[in-house]
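Enquirer: One file is attached below, entry_14.cif, containing mmCIF, C-alpha atoms.
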```cif
data_my_file
#
loop_
_atom_site.label_atom_id
_atom_site.label_comp_id
_atom_site.auth_asym_id
_atom_site.auth_seq_id
_atom_site.Cartn_x
_atom_site.Cartn_y
_atom_site.Cartn_z
CA MET A 245 -16.24 -88.73 59.74
CA LYS A 246 -14.98 -87.48 63.10
CA LYS A 247 -11.76 -86.30 61.46
CA MET A 248 -13.72 -84.40 58.83
CA PHE A 249 -15.93 -82.76 61.48
CA ALA A 250 -12.88 -81.76 63.48
CA ALA A 251 -11.26 -80.25 60.41
CA VAL A 252 -14.38 -78.23 59.61
CA LEU A 253 -14.62 -77.07 63.22
CA ILE A 254 -10.98 -75.96 63.25
CA ALA A 255 -11.42 -74.16 59.91
CA ALA A 256 -14.59 -72.45 61.08
CA THR A 257 -12.95 -71.35 64.32
CA THR A 258 -9.93 -70.02 62.46
CA LEU A 259 -12.13 -68.18 59.94
CA GLY A 260 -14.26 -66.70 62.71
CA PHE A 261 -11.17 -65.47 64.52
CA GLY A 262 -9.88 -63.96 61.30
CA LEU A 263 -13.13 -62.10 60.75
CA THR A 264 -13.22 -60.62 64.21
CA ALA A 265 -9.58 -59.89 64.82
CA GLU A 266 -7.69 -57.17 62.95
CA ALA A 267 -4.03 -57.26 62.12
CA LYS A 268 -2.08 -54.59 63.93
CA THR A 269 -0.74 -51.68 61.98
CA LEU A 270 2.96 -50.88 61.93
CA GLU A 271 2.31 -47.88 64.17
CA GLU A 272 0.54 -50.06 66.74
CA ILE A 273 3.36 -52.61 66.75
CA LEU A 274 5.99 -49.88 67.26
CA LYS A 275 3.91 -48.35 70.03
CA ASP A 276 3.51 -51.72 71.78
CA LYS A 277 7.25 -52.26 71.66
CA GLY A 278 7.86 -48.83 73.17
CA ILE A 279 9.60 -47.47 70.08
CA LEU A 280 6.86 -44.87 69.52
CA THR A 281 5.62 -42.61 72.30
CA GLU A 282 1.90 -41.93 72.67
CA GLU A 283 2.40 -38.49 71.11
CA ASP A 284 4.38 -39.88 68.17
CA TYR A 285 1.75 -42.56 67.65
CA LYS A 286 -1.08 -40.01 67.45
CA GLU A 287 0.87 -37.96 64.91
CA ALA A 288 1.70 -41.04 62.82
CA VAL A 289 -1.85 -42.38 62.59
CA LYS A 290 -3.17 -39.05 61.35
CA LYS A 291 -2.01 -40.11 57.91
CA ASN A 292 -4.30 -43.14 58.08
CA ASP A 293 -7.43 -41.06 58.60
CA LEU A 294 -9.83 -41.32 55.68
CA ALA A 295 -11.49 -37.98 56.44
CA TYR A 296 -9.95 -34.98 58.13
CA TYR A 297 -9.84 -31.18 58.08
CA ARG A 298 -6.86 -29.02 57.18
CA PRO A 299 -7.10 -25.24 57.69
CA GLY A 300 -7.04 -23.44 54.37
CA ARG A 301 -7.70 -26.60 52.39
CA GLY A 302 -10.99 -27.72 53.83
CA ILE A 303 -12.28 -31.22 54.33
CA THR A 304 -10.26 -34.02 52.77
CA VAL A 305 -11.62 -37.47 52.05
CA GLU A 306 -9.22 -40.03 50.64
CA SER A 307 -8.62 -43.72 50.15
CA ARG A 308 -5.67 -45.26 51.94
CA ASP A 309 -3.84 -45.95 48.67
CA GLY A 310 -4.26 -42.30 47.57
CA ASN A 311 -5.99 -43.23 44.31
CA TYR A 312 -9.18 -41.37 45.33
CA THR A 313 -9.09 -37.94 46.99
CA ALA A 314 -11.49 -35.05 47.37
CA HIS A 315 -10.56 -31.72 48.95
CA ILE A 316 -13.63 -29.57 49.60
CA GLY A 317 -13.16 -25.97 50.76
CA GLY A 318 -13.82 -22.39 49.88
CA ARG A 319 -13.00 -18.71 50.22
CA LEU A 320 -15.03 -15.73 51.40
CA GLN A 321 -14.12 -12.08 50.75
CA ALA A 322 -16.30 -9.45 52.45
CA ARG A 323 -15.49 -5.96 51.13
CA TYR A 324 -16.39 -2.36 51.87
CA THR A 325 -15.70 0.31 49.22
CA PHE A 326 -16.03 4.08 49.51
CA THR A 327 -15.54 6.13 46.35
CA ASP A 328 -15.11 9.90 46.58
CA VAL A 329 -16.39 10.73 43.09
CA ASP A 330 -14.76 13.74 41.44
CA ASP A 331 -17.78 14.55 39.26
CA PRO A 332 -19.99 17.04 41.19
CA ALA A 333 -23.03 15.79 39.27
CA LYS A 334 -22.68 12.31 40.81
CA GLU A 335 -23.06 10.97 44.32
CA ASN A 336 -20.26 9.35 46.27
CA ASP A 337 -20.46 5.56 46.53
CA SER A 338 -20.49 3.65 49.83
CA ASP A 339 -20.92 -0.07 49.27
CA PHE A 340 -20.75 -3.31 51.27
CA ASN A 341 -20.33 -6.38 49.10
CA ILE A 342 -19.59 -10.09 49.18
CA GLN A 343 -16.87 -9.77 46.58
CA ARG A 344 -16.25 -13.50 46.29
CA LEU A 345 -17.74 -16.59 47.85
CA ARG A 346 -16.00 -19.52 46.18
CA ILE A 347 -16.73 -23.18 46.85
CA ASP A 348 -14.06 -25.49 45.51
CA MET A 349 -13.56 -29.23 45.14
CA ARG A 350 -10.46 -30.86 43.72
CA GLY A 351 -8.67 -34.18 43.86
CA ASN A 352 -8.00 -37.33 41.85
CA VAL A 353 -9.89 -40.50 40.86
CA TYR A 354 -8.88 -44.04 39.85
CA ASN A 355 -5.18 -43.17 40.24
CA LYS A 356 -3.03 -40.33 41.55
CA ASN A 357 -2.53 -38.78 38.10
CA LEU A 358 -6.13 -38.35 36.91
CA TYR A 359 -7.14 -35.06 38.54
CA TYR A 360 -10.17 -32.82 38.59
CA GLN A 361 -11.25 -29.42 39.92
CA TRP A 362 -14.57 -27.63 40.25
CA GLN A 363 -15.10 -24.08 41.53
CA HIS A 364 -18.28 -21.99 41.77
CA ASP A 365 -18.65 -18.37 42.85
CA PHE A 366 -21.75 -17.34 44.81
CA GLY A 367 -20.57 -13.78 45.55
CA GLY A 368 -20.58 -10.54 43.59
CA SER A 369 -23.67 -9.14 41.91
CA GLY A 370 -24.04 -11.60 39.04
CA GLY A 371 -25.41 -14.57 40.97
CA ALA A 372 -23.94 -18.06 41.05
CA THR A 373 -21.25 -18.47 38.39
CA LEU A 374 -19.18 -21.46 37.29
CA LYS A 375 -15.51 -20.52 37.49
CA ASP A 376 -13.48 -23.70 36.98
CA ALA A 377 -14.33 -27.17 35.66
CA VAL A 378 -11.15 -29.12 34.97
CA LEU A 379 -10.37 -32.72 34.07
CA GLY A 380 -6.70 -33.54 33.52
CA TYR A 381 -4.02 -36.20 33.52
CA LYS A 382 -0.46 -35.81 34.75
CA PHE A 383 1.82 -38.01 32.66
CA MET A 384 4.98 -36.72 34.35
CA ASN A 385 6.28 -33.50 35.89
CA GLU A 386 7.09 -32.29 32.40
CA LEU A 387 3.63 -32.89 30.94
CA SER A 388 0.02 -32.65 32.07
CA LEU A 389 -2.99 -32.30 29.79
CA GLN A 390 -6.25 -30.76 30.97
CA ALA A 391 -9.57 -29.81 29.41
CA GLY A 392 -12.54 -27.78 30.57
CA GLN A 393 -12.83 -24.19 31.82
CA PHE A 394 -9.92 -22.45 33.52
CA LYS A 395 -7.68 -19.40 33.13
CA ALA A 396 -5.91 -18.96 29.82
CA PRO A 397 -2.11 -18.72 30.31
CA THR A 398 -1.59 -14.96 30.12
CA SER A 399 -0.41 -12.49 32.79
CA ARG A 400 1.12 -13.72 36.02
CA GLN A 401 -1.04 -11.45 38.17
CA GLN A 402 -4.18 -12.87 36.55
CA LEU A 403 -2.98 -16.44 37.12
CA THR A 404 -2.28 -15.62 40.78
CA SER A 405 -5.44 -16.24 42.78
CA SER A 406 -7.43 -13.20 43.92
CA GLY A 407 -6.99 -14.65 47.40
CA SER A 408 -3.17 -14.44 47.18
CA GLN A 409 -2.81 -10.76 46.23
CA MET A 410 -0.78 -8.14 48.08
CA PHE A 411 -3.51 -5.53 47.56
CA VAL A 412 -7.27 -5.88 47.96
CA ASP A 413 -7.45 -6.79 44.28
CA ARG A 414 -5.46 -6.81 41.04
CA SER A 415 -4.00 -3.78 39.27
CA LEU A 416 -5.66 -1.40 36.79
CA ALA A 417 -3.51 -2.84 33.97
CA ASP A 418 -4.47 -6.42 34.68
CA GLU A 419 -8.17 -5.61 35.06
CA THR A 420 -8.02 -3.94 31.63
CA PHE A 421 -5.98 -6.44 29.61
CA ASN A 422 -6.62 -9.89 31.07
CA LEU A 423 -8.41 -12.55 29.03
CA GLY A 424 -9.59 -14.41 32.12
CA ARG A 425 -11.08 -17.88 32.05
CA ASP A 426 -11.98 -19.74 28.88
CA ARG A 427 -12.94 -23.21 27.69
CA GLY A 428 -10.34 -25.30 25.96
CA LEU A 429 -7.43 -27.73 26.12
CA MET A 430 -4.04 -26.97 27.67
CA ALA A 431 -0.67 -28.66 28.20
CA LYS A 432 1.56 -27.67 31.10
CA GLY A 433 4.64 -28.85 32.92
CA ALA A 434 7.93 -28.05 34.60
CA PHE A 435 11.56 -28.96 33.97
CA ALA A 436 14.70 -29.14 36.11
CA ASP A 437 12.99 -28.87 39.50
CA ASN A 438 10.73 -25.97 38.38
CA LEU A 439 13.56 -23.99 36.83
CA VAL A 440 11.40 -23.69 33.70
CA GLU A 441 7.59 -23.89 33.67
CA TYR A 442 5.28 -23.68 30.67
CA MET A 443 1.59 -23.58 29.74
CA ALA A 444 0.17 -23.68 26.20
CA GLY A 445 -3.36 -24.22 24.98
CA VAL A 446 -6.19 -23.64 22.53
CA PHE A 447 -9.46 -22.09 23.71
CA ASN A 448 -12.84 -20.97 22.41
CA GLY A 449 -11.71 -17.38 22.77
CA ASN A 450 -15.10 -16.25 24.03
CA GLY A 451 -14.29 -16.11 27.72
CA GLU A 452 -15.90 -17.50 30.83
CA ASN A 453 -19.02 -19.65 30.40
CA ARG A 454 -19.31 -19.01 26.67
CA SER A 455 -19.46 -21.50 23.79
CA ASN A 456 -17.96 -20.84 20.36
CA ARG A 457 -20.25 -19.87 17.46
CA GLU A 458 -17.61 -20.00 14.72
CA ASP A 459 -14.43 -21.91 13.86
CA LYS A 460 -11.83 -19.44 15.16
CA HIS A 461 -9.93 -20.06 18.40
CA LEU A 462 -7.67 -18.36 20.92
CA TRP A 463 -4.12 -19.74 21.10
CA ALA A 464 -2.14 -18.81 24.20
CA ALA A 465 1.20 -19.79 25.75
CA ARG A 466 3.27 -18.79 28.76
CA VAL A 467 6.82 -19.53 29.98
CA ASP A 468 8.21 -18.89 33.48
CA ILE A 469 11.84 -19.10 34.55
CA ASN A 470 12.73 -19.47 38.24
CA PRO A 471 16.55 -19.32 38.42
CA LEU A 472 16.71 -19.34 42.25
CA GLY A 473 14.14 -22.05 42.92
CA LYS A 474 10.40 -22.67 42.74
CA PHE A 475 8.36 -19.46 42.80
CA ASP A 476 4.75 -19.94 43.93
CA MET A 477 1.81 -17.96 42.53
CA ASP A 478 1.72 -15.82 45.66
CA GLU A 479 2.47 -12.08 45.78
CA PRO A 480 3.61 -11.33 49.37
CA SER A 481 6.89 -12.53 50.82
CA PHE A 482 6.34 -14.60 53.95
CA ASN A 483 9.91 -14.29 55.21
CA GLU A 484 11.55 -16.59 52.63
CA PRO A 485 15.06 -17.45 53.92
CA LYS A 486 16.61 -17.24 50.46
CA PRO A 487 15.97 -14.86 47.54
CA LEU A 488 13.50 -15.99 44.87
CA LEU A 489 13.18 -14.64 41.33
CA ASN A 490 10.59 -15.20 38.60
CA ILE A 491 10.84 -14.00 35.01
CA GLY A 492 7.90 -14.76 32.74
CA ALA A 493 6.21 -13.91 29.45
CA SER A 494 3.02 -14.81 27.59
CA TYR A 495 1.62 -14.43 24.08
CA ALA A 496 -1.87 -15.00 22.67
CA VAL A 497 -3.48 -14.69 19.23
CA GLN A 498 -7.06 -14.90 18.00
CA THR A 499 -9.16 -13.99 14.98
CA LEU A 500 -12.41 -12.19 15.75
CA VAL A 501 -15.46 -12.29 13.46
CA ARG A 502 -18.98 -10.88 13.48
CA ALA A 503 -20.35 -13.90 15.40
CA ASP A 504 -18.13 -12.93 18.36
CA THR A 505 -19.97 -9.64 18.86
CA GLY A 506 -22.09 -10.00 21.97
CA ASN A 507 -20.61 -13.44 22.69
CA VAL A 508 -17.30 -12.49 24.33
CA ASN A 509 -16.79 -12.40 28.09
CA SER A 510 -13.22 -11.26 28.69
CA ARG A 511 -12.00 -8.08 30.36
CA LEU A 512 -10.01 -6.95 27.35
CA LEU A 513 -12.89 -7.27 24.88
CA THR A 514 -15.57 -5.85 27.18
CA ASN A 515 -13.82 -3.26 29.37
CA GLY A 516 -10.53 -2.66 27.56
CA VAL A 517 -12.16 -2.20 24.17
CA ARG A 518 -15.77 -2.65 23.08
CA LEU A 519 -15.80 -5.36 20.44
CA GLY A 520 -19.17 -4.23 19.14
CA ASP A 521 -17.66 -0.90 18.09
CA LEU A 522 -15.69 -2.69 15.35
CA ASN A 523 -18.96 -3.22 13.43
CA LEU A 524 -17.59 -6.27 11.66
CA ALA A 525 -19.64 -7.26 8.62
CA ASN A 526 -20.13 -10.86 7.57
CA GLY A 527 -16.83 -12.11 6.17
CA GLU A 528 -14.75 -9.41 7.88
CA GLU A 529 -12.15 -10.35 10.47
CA ALA A 530 -10.05 -8.65 13.13
CA ASP A 531 -6.79 -10.13 14.35
CA LEU A 532 -6.17 -9.88 18.10
CA ARG A 533 -2.70 -10.23 19.63
CA THR A 534 -1.74 -9.81 23.28
CA ALA A 535 1.52 -10.21 25.20
CA THR A 536 2.78 -9.79 28.75
CA ALA A 537 6.20 -9.80 30.43
CA ASN A 538 6.95 -9.77 34.16
CA ILE A 539 9.64 -9.96 36.80
CA HIS A 540 8.98 -10.84 40.45
CA PHE A 541 11.33 -10.95 43.43
CA LYS A 542 10.85 -12.06 47.06
CA TRP A 543 13.16 -12.34 50.05
CA LEU A 544 12.91 -11.91 53.85
CA GLY A 545 9.53 -10.17 53.80
CA LEU A 546 10.31 -7.97 50.77
CA SER A 547 8.29 -8.48 47.60
CA ALA A 548 8.65 -6.50 44.37
CA ALA A 549 6.98 -6.99 40.99
CA ALA A 550 6.64 -5.36 37.58
CA GLU A 551 4.49 -6.51 34.67
CA TYR A 552 3.93 -5.10 31.18
CA TYR A 553 0.83 -5.66 29.00
CA TRP A 554 0.38 -5.10 25.26
CA ALA A 555 -2.60 -5.59 22.96
CA ASN A 556 -3.26 -5.02 19.26
CA ILE A 557 -6.47 -5.34 17.22
CA ASP A 558 -6.12 -5.18 13.43
CA PRO A 559 -9.55 -5.21 11.66
CA ASP A 560 -10.02 -5.62 7.92
CA GLY A 561 -10.13 -2.30 6.10
CA LYS A 562 -9.73 -0.16 9.24
CA SER A 563 -6.88 1.31 11.25
CA ASP A 564 -5.53 -0.96 13.94
CA TRP A 565 -5.75 -0.33 17.67
CA ASP A 566 -2.77 -0.55 20.02
CA ALA A 567 -2.82 -0.35 23.78
CA ASP A 568 -0.42 -1.09 26.58
CA GLY A 569 -0.17 -0.87 30.33
CA TYR A 570 1.93 -1.86 33.31
CA TYR A 571 2.15 -1.96 37.07
CA LEU A 572 5.00 -1.57 39.53
CA GLN A 573 4.48 -2.70 43.10
CA ALA A 574 6.49 -3.44 46.23
CA GLY A 575 5.64 -4.52 49.73
CA TYR A 576 7.43 -5.27 52.98
CA GLN A 577 6.24 -7.16 56.04
CA ILE A 578 7.33 -4.93 58.91
CA ILE A 579 6.21 -7.68 61.28
CA PRO A 580 7.15 -10.97 59.56
CA GLU A 581 4.15 -12.96 58.33
CA THR A 582 1.80 -10.55 60.13
CA VAL A 583 1.80 -6.86 59.10
CA GLU A 584 2.59 -5.62 55.60
CA LEU A 585 2.78 -2.23 53.87
CA ALA A 586 2.76 -1.88 50.07
CA LEU A 587 2.82 0.64 47.21
CA ARG A 588 1.66 0.25 43.60
CA TYR A 589 1.49 2.37 40.47
CA SER A 590 -0.38 1.22 37.37
CA ALA A 591 -1.15 2.92 34.05
CA ILE A 592 -2.92 2.13 30.75
CA ASP A 593 -2.80 3.93 27.42
CA SER A 594 -4.10 3.37 23.87
CA THR A 595 -3.85 4.83 20.39
CA ASP A 596 -6.67 6.86 18.89
CA ALA A 597 -8.14 4.31 16.45
CA ALA A 598 -11.43 5.02 14.75
CA ALA A 599 -14.49 3.58 16.55
CA LEU A 600 -12.46 1.92 19.28
CA THR A 601 -11.93 2.82 22.93
CA LYS A 602 -9.32 5.45 23.71
CA TYR A 603 -7.97 5.75 27.24
CA ASP A 604 -5.16 7.24 29.25
CA GLN A 605 -5.53 6.38 32.94
CA ASN A 606 -3.36 5.69 35.95
CA GLN A 607 -3.69 4.66 39.60
CA PHE A 608 -1.50 5.21 42.63
CA GLN A 609 -2.23 2.89 45.55
CA ILE A 610 -1.04 2.32 49.10
CA ALA A 611 -2.04 -0.76 51.10
CA ALA A 612 -1.78 -2.32 54.53
CA GLY A 613 -2.44 -5.92 55.41
CA TYR A 614 -2.79 -7.94 58.59
CA TYR A 615 -2.19 -11.65 58.14
CA TYR A 616 -3.60 -13.72 60.99
CA LYS A 617 -2.98 -17.07 59.26
CA LYS A 618 -1.26 -15.90 56.09
CA HIS A 619 -3.87 -15.82 53.29
CA ARG A 620 -6.15 -18.20 55.18
CA ALA A 621 -7.34 -15.39 57.44
CA LYS A 622 -6.38 -11.78 56.70
CA ILE A 623 -7.62 -8.20 56.61
CA GLN A 624 -6.45 -5.78 53.90
CA ALA A 625 -7.07 -2.10 53.22
CA ASP A 626 -5.94 0.09 50.34
CA TYR A 627 -6.35 3.66 49.12
CA THR A 628 -6.44 4.44 45.39
CA LEU A 629 -6.05 7.75 43.57
CA HIS A 630 -7.51 7.11 40.10
CA LYS A 631 -6.82 9.61 37.31
CA ASP A 632 -8.32 9.74 33.84
CA ASP A 633 -6.38 12.22 31.67
CA LEU A 634 -8.96 12.15 28.87
CA ALA A 635 -11.97 13.20 30.92
CA GLN A 636 -12.85 15.96 33.31
CA ASN A 637 -14.05 15.22 36.85
CA LYS A 638 -12.61 11.69 36.78
CA ASP A 639 -9.91 11.91 39.47
CA ASP A 640 -11.61 9.66 42.02
CA ASN A 641 -10.41 8.64 45.48
CA ILE A 642 -11.22 5.06 46.47
CA PHE A 643 -10.90 3.34 49.85
CA ARG A 644 -11.35 -0.43 50.19
CA LEU A 645 -11.40 -2.67 53.25
CA GLN A 646 -11.59 -6.43 52.87
CA ALA A 647 -11.64 -9.44 55.18
CA GLN A 648 -10.85 -12.88 53.82
CA VAL A 649 -11.11 -16.37 55.20
CA ILE A 650 -10.15 -19.56 53.38
CA PHE A 651 -11.83 -22.57 54.88
#
```
For this file, produce the structure as structure tokens.
Expert:
Amino acid sequence: MKKMFAAVLIAATTLGFGLTAEAKTLEEILKDKGILTEEDYKEAVKKNDLAYYRPGRGITVESRDGNYTAHIGGRLQARYTFTDVDDPAKENDSDFNIQRLRIDMRGNVYNKNLYYQWQHDFGGSGGATLKDAVLGYKFMNELSLQAGQFKAPTSRQQLTSSGSQMFVDRSLADETFNLGRDRGLMAKGAFADNLVEYMAGVFNGNGENRSNREDKHLWAARVDINPLGKFDMDEPSFNEPKPLLNIGASYAVQTLVRADTGNVNSRLLTNGVRLGDLNLANGEEADLRTATANIHFKWLGLSAAAEYYWANIDPDGKSDWDADGYYLQAGYQIIPETVELALRYSAIDSTDAAALTKYDQNQFQIAAGYYYKKHRAKIQADYTLHKDDLAQNKDDNIFRLQAQVIF
């Protein structure tokens, strides 16, 4: 009996010690042995924090094994725009605006390959708007599958975040021809250390925050080639030590029907051409095809880019509509990673198809940017001379000033 009591006492004492004492981490052992200095120890244990803040990425909460992560952050763009309107019958515009206020959360759950993203915009004039809602799985570098709402794989400038632009915003050509976000399923991946990247998917074809009311879909694909190494979706050159080159192209097709009228929310089918003007009857269809091609180069503070856009709409029993556009832009950071000057020219043109939009416009722009913490904190200004060759009193002068912070 005494032996049994002693055994229980020893076991209880050992268990109690085990509950109150914690095993030392590797960093603590190395510090105790003098292998790590106090400064090295503090740097090493940062990786063990379960919650921390990283500028530009926000608050991160993660499990120690990395199977659960959540990065919560956002972006604010405060903009002032003055438009010297050419039309004497109209007033000039002077406007302060919260152009974008994005709150974003992304990470992974259950394992490192099951990822998610959510993004909402509380800026602009349209109220709170869902931008991204993504659930995906990365099988390998060569293949990830994702579903939800996100940008269709079209032009490179559209796929580059509005927070990573060289100018205050995207070009005239991109604003006219882009298909924007949509709901669907997409595969993507990269080969040979990002030498070749691809995206291909099927979407509703109705644009951002729209469901599909018929059985037609948008099919879109994009391929990028980076012969000199990985090329990030980022327009300026932040003093890259070696030259970088990106060559890319995209193609998309869709069949439009009467049910799409009034239920499409993409730039091309609302601003570029008014879908309602097709007057599709029940049973009539219109085939839509778009394509882009681009080349981008960056090195030692110099960034240059060119992108071409093409669109065609071929409705039943009517003449088809063709339009194209492009932009050419270049910038140089006269003070590396701090001060940048840039130039851009963009133009759009279309054929004169019955009942559809006809345009012939161009923009010349100059820009200056001050990067305090790269894109995380910057101020940009640009001047635009906008010309419309098909209308009188349409040669407007536009000045924009924008401050951005990514938190």
Enquirer: Within 10 Å of Tyr614 of chain A, counting all atoms listed in the file, which residues show up once you throw out same-chain ones fewer than 2 positions away? Write them as a PyMOL selection string, please.
Expert: chain A and resi 577+579+581-585+612+616-619+621-625+647
Enquirer: So which residues are close to (-14.3, -6.2, 28.8), meaning at most 10 Å away in the file's coordinates with all atoms listed in the file counted, and can you show them as a PyMOL selection string?
Expert: chain A and resi 419-423+451+508-519
Enquirer: Interatomic distance between atom CA of Gln361 of chain A and atom CA of Thr499 of chain A?
Expert: 29.4 Å
Enquirer: What is the distance, in Å and to one decimal place, between atom CA of Phe394 of chain A and atom CA of Ser455 of chain A?
Expert: 13.7 Å
Enquirer: Give me, as JSON, numbers by chain, all polymer residues having an atom no more than 6 Å from segment 427-443 of chain A, counting all atoms listed in the file and skipping those fewer than 6 positions away in the same chain.
Expert: {"A": [385, 386, 387, 388, 389, 390, 391, 392, 393, 465, 466, 467, 468, 469, 470, 471, 474]}
Enquirer: So how many Å separate atom CA of Phe340 of chain A and atom CA of Thr325 of chain A, to one decimal?
Expert: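 Between these atoms lies a distance of 6.5 Å.
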Enquirer: Compare A:Gln401, A:Leu462, A:Tyr603, A:Ser594 by their minimum atom-to-atom distance to Leu572 of chain A, counting all atoms listed in the file, and give me the closest one.
Expert: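 Under the stated criterion, the closest residue is A:Gln401.
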Enquirer: Nearest residue to Val329 of chain A out of A:Arg644, A:His630, A:Arg308, A:Lys356, using all atoms listed in the file?
Expert: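 Of all the options, A:His630 lies closest to Val329 of chain A.
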